[in-house]
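Shown here: coords_16.txt, compact mmCIF, C-alpha atoms.
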# COMPACT_ATOMS: atom_id res chain seq x y z
CA MET K 1 -279.67 -62.51 -71.24
CA PRO K 2 -280.92 -59.09 -72.38
CA HIS K 3 -283.18 -59.03 -75.48
CA ILE K 4 -280.74 -56.66 -77.23
CA ASN K 5 -276.95 -56.41 -77.31
CA LEU K 6 -276.21 -53.72 -74.73
CA GLU K 7 -272.46 -53.81 -75.40
CA ASN K 8 -271.78 -53.53 -71.66
CA ASP K 9 -272.05 -55.75 -68.57
CA PHE K 10 -273.73 -53.36 -66.13
CA PRO K 11 -276.63 -54.99 -64.27
CA GLY K 12 -280.26 -53.90 -64.31
CA ILE K 13 -281.28 -50.46 -65.50
CA ARG K 14 -277.63 -49.32 -65.52
CA GLY K 15 -276.89 -51.51 -68.53
CA LEU K 16 -279.86 -49.97 -70.39
CA MET K 17 -278.82 -46.45 -69.43
CA ALA K 18 -275.25 -47.01 -70.63
CA PHE K 19 -276.65 -48.29 -73.95
CA ARG K 20 -278.73 -45.13 -74.49
CA PRO K 21 -277.16 -42.23 -72.55
CA GLU K 22 -279.48 -39.66 -74.19
CA THR K 23 -282.49 -41.06 -72.32
CA ALA K 24 -280.42 -42.00 -69.25
CA GLY K 25 -279.97 -38.30 -68.46
CA PRO K 26 -283.62 -37.37 -67.87
CA LEU K 27 -284.42 -40.78 -66.30
CA GLY K 28 -281.64 -40.30 -63.72
CA GLU K 29 -282.71 -36.72 -63.09
CA LEU K 30 -286.33 -37.80 -62.58
CA ALA K 31 -285.27 -40.47 -60.07
CA ASN K 32 -283.07 -37.99 -58.25
CA ILE K 33 -285.85 -35.43 -57.81
CA LEU K 34 -288.61 -37.91 -56.93
CA LEU K 35 -286.59 -40.10 -54.58
CA ARG K 36 -284.17 -37.61 -52.97
CA ASP K 37 -286.29 -34.52 -52.43
CA THR K 38 -286.78 -34.07 -48.69
CA GLU K 39 -289.69 -31.61 -48.76
CA GLY K 40 -292.85 -33.43 -47.77
CA LEU K 41 -292.14 -37.16 -47.97
CA SER K 42 -288.83 -38.34 -46.52
CA ARG K 43 -286.30 -40.21 -48.65
CA ALA K 44 -287.14 -43.42 -46.79
CA GLU K 45 -290.86 -42.97 -47.53
CA ARG K 46 -290.17 -42.30 -51.22
CA GLU K 47 -288.03 -45.43 -51.53
CA LEU K 48 -290.64 -47.51 -49.69
CA ILE K 49 -293.32 -46.42 -52.18
CA ALA K 50 -290.95 -47.31 -55.06
CA THR K 51 -290.18 -50.68 -53.46
CA HIS K 52 -293.84 -51.60 -52.98
CA VAL K 53 -294.83 -50.66 -56.54
CA SER K 54 -291.85 -52.57 -57.96
CA TYR K 55 -292.88 -55.59 -55.89
CA LEU K 56 -296.44 -55.37 -57.29
CA ASN K 57 -294.91 -55.22 -60.79
CA ASP K 58 -292.84 -58.33 -59.91
CA CYS K 59 -289.58 -56.56 -60.83
CA PHE K 60 -286.95 -58.31 -58.69
CA TYR K 61 -284.11 -55.98 -59.69
CA CYS K 62 -286.04 -52.81 -58.80
CA HIS K 63 -287.74 -53.94 -55.58
CA THR K 64 -284.48 -55.42 -54.31
CA SER K 65 -282.33 -52.40 -55.18
CA HIS K 66 -284.80 -49.77 -53.96
CA GLY K 67 -285.54 -51.90 -50.89
CA ALA K 68 -281.80 -51.87 -50.16
CA THR K 69 -281.71 -48.08 -50.49
CA ALA K 70 -284.76 -47.70 -48.20
CA CYS K 71 -282.96 -49.97 -45.71
CA GLU K 72 -279.99 -47.57 -45.67
CA TYR K 73 -282.29 -44.73 -44.64
CA LEU K 74 -283.95 -46.92 -41.97
CA ASP K 75 -280.87 -47.89 -39.95
CA GLY K 76 -280.70 -51.27 -41.66
CA ASN K 77 -284.22 -52.33 -40.68
CA SER K 78 -284.67 -54.84 -43.52
CA ALA K 79 -287.59 -56.53 -41.73
CA LEU K 80 -289.57 -53.29 -41.95
CA VAL K 81 -288.71 -52.86 -45.63
CA ASP K 82 -289.78 -56.42 -46.35
CA GLN K 83 -293.06 -55.93 -44.52
CA VAL K 84 -293.83 -52.77 -46.51
CA ARG K 85 -292.90 -54.66 -49.67
CA LYS K 86 -295.38 -57.49 -49.04
CA ASP K 87 -297.90 -56.39 -46.41
CA TYR K 88 -297.69 -52.62 -45.87
CA GLN K 89 -301.11 -52.43 -44.24
CA HIS K 90 -299.80 -54.22 -41.16
CA ALA K 91 -296.35 -52.59 -41.13
CA PRO K 92 -295.36 -50.20 -38.28
CA ILE K 93 -295.52 -47.08 -40.48
CA SER K 94 -297.73 -44.00 -40.20
CA GLU K 95 -301.38 -44.15 -41.24
CA LYS K 96 -300.63 -41.34 -43.69
CA LEU K 97 -297.93 -43.38 -45.41
CA LYS K 98 -300.27 -46.38 -45.55
CA ALA K 99 -302.89 -44.23 -47.28
CA LEU K 100 -300.29 -42.96 -49.77
CA ILE K 101 -298.98 -46.46 -50.50
CA GLY K 102 -302.61 -47.47 -51.12
CA ILE K 103 -302.85 -44.71 -53.75
CA ALA K 104 -299.56 -45.90 -55.27
CA ALA K 105 -300.92 -49.45 -55.44
CA SER K 106 -303.96 -48.16 -57.33
CA VAL K 107 -301.72 -46.29 -59.77
CA GLN K 108 -299.83 -49.54 -60.37
CA LYS K 109 -303.09 -51.05 -61.70
CA SER K 110 -304.05 -47.99 -63.78
CA GLY K 111 -304.45 -44.24 -63.45
CA LYS K 112 -308.23 -44.54 -63.37
CA SER K 113 -308.05 -46.95 -60.42
CA VAL K 114 -307.31 -44.07 -58.05
CA ARG K 115 -310.57 -43.18 -56.29
CA PRO K 116 -311.34 -39.69 -54.93
CA GLU K 117 -312.10 -41.29 -51.54
CA GLN K 118 -308.55 -42.60 -51.34
CA VAL K 119 -307.17 -39.13 -51.95
CA GLU K 120 -309.57 -37.61 -49.40
CA ALA K 121 -308.56 -40.21 -46.82
CA ALA K 122 -304.85 -39.44 -47.35
CA ARG K 123 -305.54 -35.73 -47.04
CA ALA K 124 -307.52 -36.27 -43.82
CA LEU K 125 -304.42 -38.03 -42.42
CA GLY K 126 -302.28 -34.98 -43.20
CA ALA K 127 -301.04 -35.61 -46.76
CA THR K 128 -300.40 -32.41 -48.74
CA ASP K 129 -301.13 -31.91 -52.44
CA LYS K 130 -297.41 -32.15 -53.14
CA GLU K 131 -297.12 -35.43 -51.24
CA ILE K 132 -300.10 -36.87 -53.13
CA HIS K 133 -298.61 -35.64 -56.42
CA ASP K 134 -295.22 -37.15 -55.66
CA THR K 135 -296.78 -40.46 -54.59
CA VAL K 136 -298.67 -40.75 -57.89
CA LEU K 137 -295.62 -39.77 -59.95
CA ILE K 138 -293.28 -42.13 -58.05
CA ALA K 139 -295.74 -44.99 -58.63
CA ALA K 140 -296.17 -44.07 -62.31
CA SER K 141 -292.39 -43.74 -62.75
CA PHE K 142 -291.81 -47.23 -61.36
CA CYS K 143 -294.40 -48.54 -63.83
CA LEU K 144 -291.90 -47.16 -66.37
CA PHE K 145 -288.66 -48.31 -64.69
CA ASN K 146 -289.96 -51.82 -63.95
CA ARG K 147 -291.17 -52.31 -67.56
CA TYR K 148 -287.93 -50.90 -68.95
CA VAL K 149 -285.82 -53.34 -66.93
CA ASP K 150 -287.92 -56.46 -67.50
CA GLY K 151 -289.15 -55.51 -70.99
CA LEU K 152 -285.56 -55.64 -72.23
CA ALA K 153 -284.67 -58.55 -69.89
CA ALA K 154 -281.87 -56.58 -68.24
CA THR K 155 -279.35 -58.63 -66.27
CA THR K 156 -280.54 -59.25 -62.71
CA PRO K 157 -277.77 -60.13 -60.22
CA THR K 158 -278.68 -62.94 -57.83
CA ASP K 159 -276.01 -61.98 -55.27
CA LEU K 160 -277.98 -59.96 -52.71
CA SER K 161 -274.83 -58.35 -51.27
CA SER K 162 -274.39 -56.40 -54.52
CA TYR K 163 -277.75 -54.66 -53.91
CA ALA K 164 -276.73 -53.68 -50.38
CA ALA K 165 -273.51 -52.11 -51.67
CA ARG K 166 -275.46 -50.23 -54.33
CA GLY K 167 -278.05 -49.09 -51.78
CA ARG K 168 -275.29 -47.53 -49.66
CA GLN K 169 -273.89 -45.76 -52.71
CA ILE K 170 -277.29 -44.42 -53.79
CA ALA K 171 -278.16 -43.26 -50.28
CA GLU K 172 -274.88 -41.37 -50.17
CA LYS K 173 -274.60 -39.96 -53.69
CA GLY K 174 -278.00 -40.22 -55.37
CA TYR K 175 -278.91 -41.28 -58.89
CA GLY K 176 -276.21 -39.43 -60.85
CA THR K 177 -273.71 -40.62 -63.43
CA HIS K 178 -271.77 -42.59 -60.79
CA ILE K 179 -274.35 -45.34 -61.41
CA PHE K 180 -271.99 -46.46 -64.15
CA THR K 181 -269.24 -47.19 -61.65
CA VAL K 182 -268.99 -50.36 -59.58
CA PRO K 183 -269.41 -49.89 -55.82
CA GLN K 184 -266.73 -51.36 -53.57
CA PRO K 185 -267.77 -54.05 -51.09
CA ALA K 186 -268.27 -52.60 -47.61
CA MET W 1 -311.75 -32.16 -61.48
CA PRO W 2 -308.13 -32.98 -60.59
CA HIS W 3 -307.56 -34.88 -57.33
CA ILE W 4 -305.26 -32.07 -56.10
CA ASN W 5 -305.35 -28.28 -56.40
CA LEU W 6 -303.03 -27.61 -59.34
CA GLU W 7 -303.37 -23.82 -59.05
CA ASN W 8 -303.56 -23.55 -62.85
CA ASP W 9 -306.03 -24.34 -65.64
CA PHE W 10 -303.76 -26.08 -68.14
CA PRO W 11 -305.28 -29.28 -69.50
CA GLY W 12 -303.84 -32.79 -69.23
CA ILE W 13 -300.24 -33.38 -68.31
CA ARG W 14 -299.45 -29.68 -68.78
CA GLY W 15 -301.39 -28.80 -65.64
CA LEU W 16 -299.41 -31.39 -63.67
CA MET W 17 -296.12 -30.18 -65.11
CA ALA W 18 -296.88 -26.56 -64.23
CA PHE W 19 -297.69 -27.69 -60.66
CA ARG W 20 -294.32 -29.44 -60.26
CA PRO W 21 -291.79 -27.85 -62.66
CA GLU W 22 -288.87 -29.76 -61.08
CA THR W 23 -290.14 -33.07 -62.48
CA ALA W 24 -291.57 -31.43 -65.63
CA GLY W 25 -288.02 -30.75 -66.85
CA PRO W 26 -286.83 -34.37 -67.17
CA LEU W 27 -290.28 -35.60 -68.27
CA GLY W 28 -290.33 -33.10 -71.17
CA GLU W 29 -286.74 -33.94 -72.08
CA LEU W 30 -287.52 -37.66 -72.08
CA ALA W 31 -290.52 -37.11 -74.39
CA ASN W 32 -288.45 -34.93 -76.69
CA ILE W 33 -285.70 -37.52 -77.12
CA LEU W 34 -287.99 -40.54 -77.43
CA LEU W 35 -290.58 -38.98 -79.72
CA ARG W 36 -288.49 -36.56 -81.82
CA ASP W 37 -285.28 -38.47 -82.49
CA THR W 38 -285.17 -39.33 -86.19
CA GLU W 39 -282.46 -42.00 -86.08
CA GLY W 40 -284.06 -45.40 -86.58
CA LEU W 41 -287.80 -44.97 -86.01
CA SER W 42 -289.43 -41.95 -87.65
CA ARG W 43 -291.30 -39.35 -85.60
CA ALA W 44 -294.59 -40.66 -87.00
CA GLU W 45 -293.73 -44.23 -85.95
CA ARG W 46 -292.78 -43.07 -82.44
CA GLU W 47 -296.04 -41.17 -82.01
CA LEU W 48 -298.04 -44.14 -83.34
CA ILE W 49 -296.45 -46.43 -80.72
CA ALA W 50 -297.27 -43.84 -78.03
CA THR W 51 -300.84 -43.52 -79.31
CA HIS W 52 -301.47 -47.29 -79.32
CA VAL W 53 -300.07 -47.80 -75.79
CA SER W 54 -302.11 -44.83 -74.49
CA TYR W 55 -305.21 -46.35 -76.10
CA LEU W 56 -304.51 -49.69 -74.38
CA ASN W 57 -304.17 -47.79 -71.10
CA ASP W 58 -307.50 -46.09 -71.83
CA CYS W 59 -305.99 -42.61 -71.44
CA PHE W 60 -308.16 -40.38 -73.63
CA TYR W 61 -306.04 -37.27 -73.19
CA CYS W 62 -302.81 -39.02 -74.21
CA HIS W 63 -304.09 -41.15 -77.10
CA THR W 64 -305.96 -38.19 -78.53
CA SER W 65 -303.10 -35.71 -78.21
CA HIS W 66 -300.39 -38.07 -79.46
CA GLY W 67 -302.72 -39.32 -82.20
CA ALA W 68 -303.12 -35.69 -83.30
CA THR W 69 -299.34 -35.26 -83.40
CA ALA W 70 -298.91 -38.49 -85.39
CA CYS W 71 -301.57 -37.18 -87.80
CA GLU W 72 -299.48 -34.05 -88.39
CA TYR W 73 -296.56 -36.20 -89.50
CA LEU W 74 -298.83 -38.32 -91.73
CA ASP W 75 -300.28 -35.58 -93.93
CA GLY W 76 -303.48 -35.48 -91.91
CA ASN W 77 -304.30 -39.18 -92.37
CA SER W 78 -306.46 -39.51 -89.26
CA ALA W 79 -308.03 -42.75 -90.54
CA LEU W 80 -304.62 -44.42 -90.47
CA VAL W 81 -303.92 -43.12 -86.97
CA ASP W 82 -307.27 -44.40 -85.77
CA GLN W 83 -306.67 -47.82 -87.28
CA VAL W 84 -303.26 -48.08 -85.58
CA ARG W 85 -304.90 -46.97 -82.35
CA LYS W 86 -307.54 -49.72 -82.42
CA ASP W 87 -306.46 -52.44 -84.88
CA TYR W 88 -302.81 -51.96 -85.85
CA GLN W 89 -302.45 -55.53 -87.13
CA HIS W 90 -304.67 -54.71 -90.12
CA ALA W 91 -303.38 -51.16 -90.70
CA PRO W 92 -301.39 -50.29 -93.85
CA ILE W 93 -298.07 -49.95 -92.01
CA SER W 94 -294.82 -51.91 -92.38
CA GLU W 95 -294.55 -55.43 -90.98
CA LYS W 96 -291.58 -54.19 -88.95
CA LEU W 97 -293.68 -51.50 -87.29
CA LYS W 98 -296.42 -54.06 -86.59
CA ALA W 99 -293.86 -56.28 -84.85
CA LEU W 100 -292.61 -53.33 -82.79
CA ILE W 101 -296.13 -52.23 -81.81
CA GLY W 102 -296.72 -55.85 -80.74
CA ILE W 103 -293.71 -55.56 -78.40
CA ALA W 104 -295.05 -52.22 -77.09
CA ALA W 105 -298.43 -53.86 -76.42
CA SER W 106 -296.67 -56.56 -74.38
CA VAL W 107 -294.77 -53.91 -72.39
CA GLN W 108 -298.12 -52.24 -71.64
CA LYS W 109 -299.18 -55.47 -69.84
CA SER W 110 -295.87 -55.94 -68.01
CA GLY W 111 -292.13 -56.05 -68.70
CA LYS W 112 -292.08 -59.82 -68.35
CA SER W 113 -294.79 -60.18 -71.04
CA VAL W 114 -292.24 -59.45 -73.78
CA ARG W 115 -291.22 -62.82 -75.28
CA PRO W 116 -287.83 -63.44 -76.93
CA GLU W 117 -289.68 -64.70 -80.03
CA GLN W 118 -291.34 -61.31 -80.45
CA VAL W 119 -287.97 -59.58 -80.35
CA GLU W 120 -286.48 -62.11 -82.80
CA ALA W 121 -289.42 -61.60 -85.18
CA ALA W 122 -288.95 -57.82 -85.13
CA ARG W 123 -285.23 -58.23 -85.74
CA ALA W 124 -285.90 -60.59 -88.68
CA LEU W 125 -288.07 -57.81 -90.17
CA GLY W 126 -285.18 -55.36 -89.95
CA ALA W 127 -285.56 -53.79 -86.50
CA THR W 128 -282.27 -52.68 -84.95
CA ASP W 129 -281.33 -52.96 -81.27
CA LYS W 130 -281.84 -49.21 -80.93
CA GLU W 131 -285.32 -49.40 -82.47
CA ILE W 132 -286.26 -52.27 -80.14
CA HIS W 133 -284.85 -50.33 -77.18
CA ASP W 134 -286.75 -47.16 -78.09
CA THR W 135 -289.98 -49.11 -78.65
CA VAL W 136 -289.76 -50.64 -75.16
CA LEU W 137 -288.88 -47.31 -73.55
CA ILE W 138 -291.63 -45.40 -75.40
CA ALA W 139 -294.17 -48.01 -74.27
CA ALA W 140 -292.84 -47.96 -70.69
CA SER W 141 -292.83 -44.14 -70.67
CA PHE W 142 -296.47 -44.00 -71.69
CA CYS W 143 -297.28 -46.39 -68.87
CA LEU W 144 -295.90 -43.53 -66.76
CA PHE W 145 -297.52 -40.59 -68.61
CA ASN W 146 -300.95 -42.27 -68.83
CA ARG W 147 -300.95 -43.12 -65.09
CA TYR W 148 -299.71 -39.63 -64.19
CA VAL W 149 -302.54 -37.96 -66.14
CA ASP W 150 -305.37 -40.24 -65.02
CA GLY W 151 -303.96 -41.00 -61.55
CA LEU W 152 -304.31 -37.31 -60.66
CA ALA W 153 -307.49 -36.93 -62.75
CA ALA W 154 -305.97 -34.16 -64.88
CA THR W 155 -308.44 -32.05 -66.86
CA THR W 156 -309.30 -33.67 -70.20
CA PRO W 157 -310.69 -31.28 -72.85
CA THR W 158 -313.60 -32.69 -74.81
CA ASP W 159 -313.17 -30.24 -77.72
CA LEU W 160 -311.23 -32.30 -80.28
CA SER W 161 -310.07 -29.22 -82.20
CA SER W 162 -307.87 -28.26 -79.25
CA TYR W 163 -305.89 -31.49 -79.69
CA ALA W 164 -305.35 -30.80 -83.41
CA ALA W 165 -303.97 -27.34 -82.63
CA ARG W 166 -301.68 -28.82 -80.00
CA GLY W 167 -300.56 -31.57 -82.38
CA ARG W 168 -299.47 -28.96 -84.92
CA GLN W 169 -297.55 -27.07 -82.26
CA ILE W 170 -295.80 -30.21 -80.98
CA ALA W 171 -294.90 -31.38 -84.50
CA GLU W 172 -293.35 -27.98 -85.13
CA LYS W 173 -291.63 -27.20 -81.83
CA GLY W 174 -291.41 -30.41 -79.81
CA TYR W 175 -292.03 -30.98 -76.13
CA GLY W 176 -290.25 -27.93 -74.67
CA THR W 177 -291.42 -25.27 -72.24
CA HIS W 178 -293.81 -23.81 -74.83
CA ILE W 179 -296.23 -26.53 -73.67
CA PHE W 180 -297.30 -23.98 -71.06
CA THR W 181 -298.54 -21.59 -73.75
CA VAL W 182 -301.89 -21.82 -75.49
CA PRO W 183 -301.75 -22.61 -79.22
CA GLN W 184 -303.67 -20.34 -81.58
CA PRO W 185 -306.50 -21.87 -83.62
CA ALA W 186 -305.36 -22.67 -87.19
As structure tokens:
Amino acid sequence: MPHINLENDFPGIRGLMAFRPETAGPLGELANILLRDTEGLSRAERELIATHVSYLNDCFYCHTSHGATACEYLDGNSALVDQVRKDYQHAPISEKLKALIGIAASVQKSGKSVRPEQVEAARALGATDKEIHDTVLIAASFCLFNRYVDGLAATTPTDLSSYAARGRQIAEKGYGTHIFTVPQPA
Amino acid sequence: MPHINLENDFPGIRGLMAFRPETAGPLGELANILLRDTEGLSRAERELIATHVSYLNDCFYCHTSHGATACEYLDGNSALVDQVRKDYQHAPISEKLKALIGIAASVQKSGKSVRPEQVEAARALGATDKEIHDTVLIAASFCLFNRYVDGLAATTPTDLSSYAARGRQIAEKGYGTHIFTVPQPA
């Protein structure tokens, strides 16, 4: 049960956003830009970074929902998403993405945990300044989202099919105001 | 030196925001709503929560700049701000604010660290659901801002007078686009 009376039954961050629409606006806009921009990192790569950081923060709602969205971009390859979630260093992804996820994992610990050598290694593998920036800000943003969801004990659905339906909706329409609607089962 | 080439000389988060104006928009809007709303928590209380969380995250730029802004709202009482930064439990602030800062300190560790008893204690001291919500989201947001600043090794001025000038400007005008201008010395 949430720590406060949200006066709605939406699950996860959606219940919090419906409770406080003033802050929901910029939070949704931030997610849309960071996770749906296609310049530099792909949408799948952005969602995989978000999924891994949310897994490190032990936020079931976030790593399951963003994992489901990543899966939509990856032709339903849930095994790949799960490997990036738990063991990205051995996943069949590019060396550049591994280096960037390593930076994101450092950010999850603290900003000061990011070492210049990590950034140099990512750059040597082809990462641009914008890609490094976006990786750090995606990781930092999920340190916000994960704490927001669990810090207020938002409702976490246990039915995994609801995450898949949401993932399809997000992949199609992004993180706009439709998050307050209920997706239809596929 | 920042980990990436920001192509500008603005200090702290302002340099990062000038580098990526698309994400600067929602980040500034989020700060404006969370730190300048006057319903429930006062602006001083909001900045004190931000300052304490930034201190726990060891982000010098953020705890110094938000401490300076809090100081503006508190008639220049920098001793009070410094006590809240380092030892809020013995500071001359309300018991309600102490309970809320305790919740913020739990959020800084992780979302799951917030215990229902903490929330109940804050409520018993008069905290509303909106105040509890805003406390959690301010704390979570500074887990983003602090990691963004230090994760990209943003420039941190060592001249403390620059923070005081900025604090005056923020207290007066908020977190809008003027953050890209340089405040005049008082």
Nearest to chain K: which of W:Gln83, W:Asn77, W:Thr135, W:Asn8 is it, counting all atoms listed in the file?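 Of W:Gln83, W:Asn77, W:Thr135, W:Asn8, the one nearest chain K is W:Thr135, counting all atoms listed in the file.
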Å distance separating CA of Ser54 (chain W) from CA of Lys109 (chain W), one decimal place: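 Rounded to one decimal, the two atoms are 12.0 Å apart.
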So, with all atoms listed in the file as the atoms that count, which of W:His52, W:His3, W:Arg168, W:His63 lies closest to chain K?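 Smallest separation from chain K among the options: W:His3.
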Residues of chain W near chain K: apply a cut-off of 9 Å, count all atoms listed in the file, and supply the list as a ChimeraX atom specification. /W:3-6,16,19-20,22-30,33-34,57-59,103,106-116,119-120,128-130,132-133,136-137,139-153
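In this model, the gap between CA of His66 (chain W) and CA of Thr51 (chain W) comes to 5.5 Å.
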Would you compute, for all listed atoms of region 76-94 of chain K, the axis-aligned bounding box grown by 8 Å on each side, and then report its centre and edge lengths in Å rounded to one decimal, as lines of an AutoDock Vina configuration file?
center_x = -290.9
center_y = -50.7
center_z = -44.0
size_x = 36.4
size_y = 29.5
size_z = 27.4
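What separates CA of Gly15 (chain W) from CA of Phe60 (chain W) is a distance of 15.6 Å.
Nearest-residue note for Ala70 (chain K): choosing from K:Ser161, K:Ser42, K:Ser94, K:Thr155, the minimum distance belongs to K:Ser42, counting only C-alpha atoms.
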Rank nothing, just name the residue among K:Ile101, K:Ala122, K:Ile49, K:Leu80 nearest to Leu35 (chain K), using only C-alpha atoms. K:Ile49
Any idea what's packed within 9 Å of Glu72 (chain W), counting only C-alpha atoms, ignoring anything in its chain fewer than 5 positions away? Could you give it as an MDAnalysis selection string? chainID W and resid 44 67 77:78 164 167:168 171
Using all atoms listed in the file, which residue out of W:Ala50, W:Ala124, W:Ala91, W:Val84 lies closest to Cys62 (chain W)?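 Ranked by minimum distance to Cys62 (chain W), first place goes to W:Ala50.
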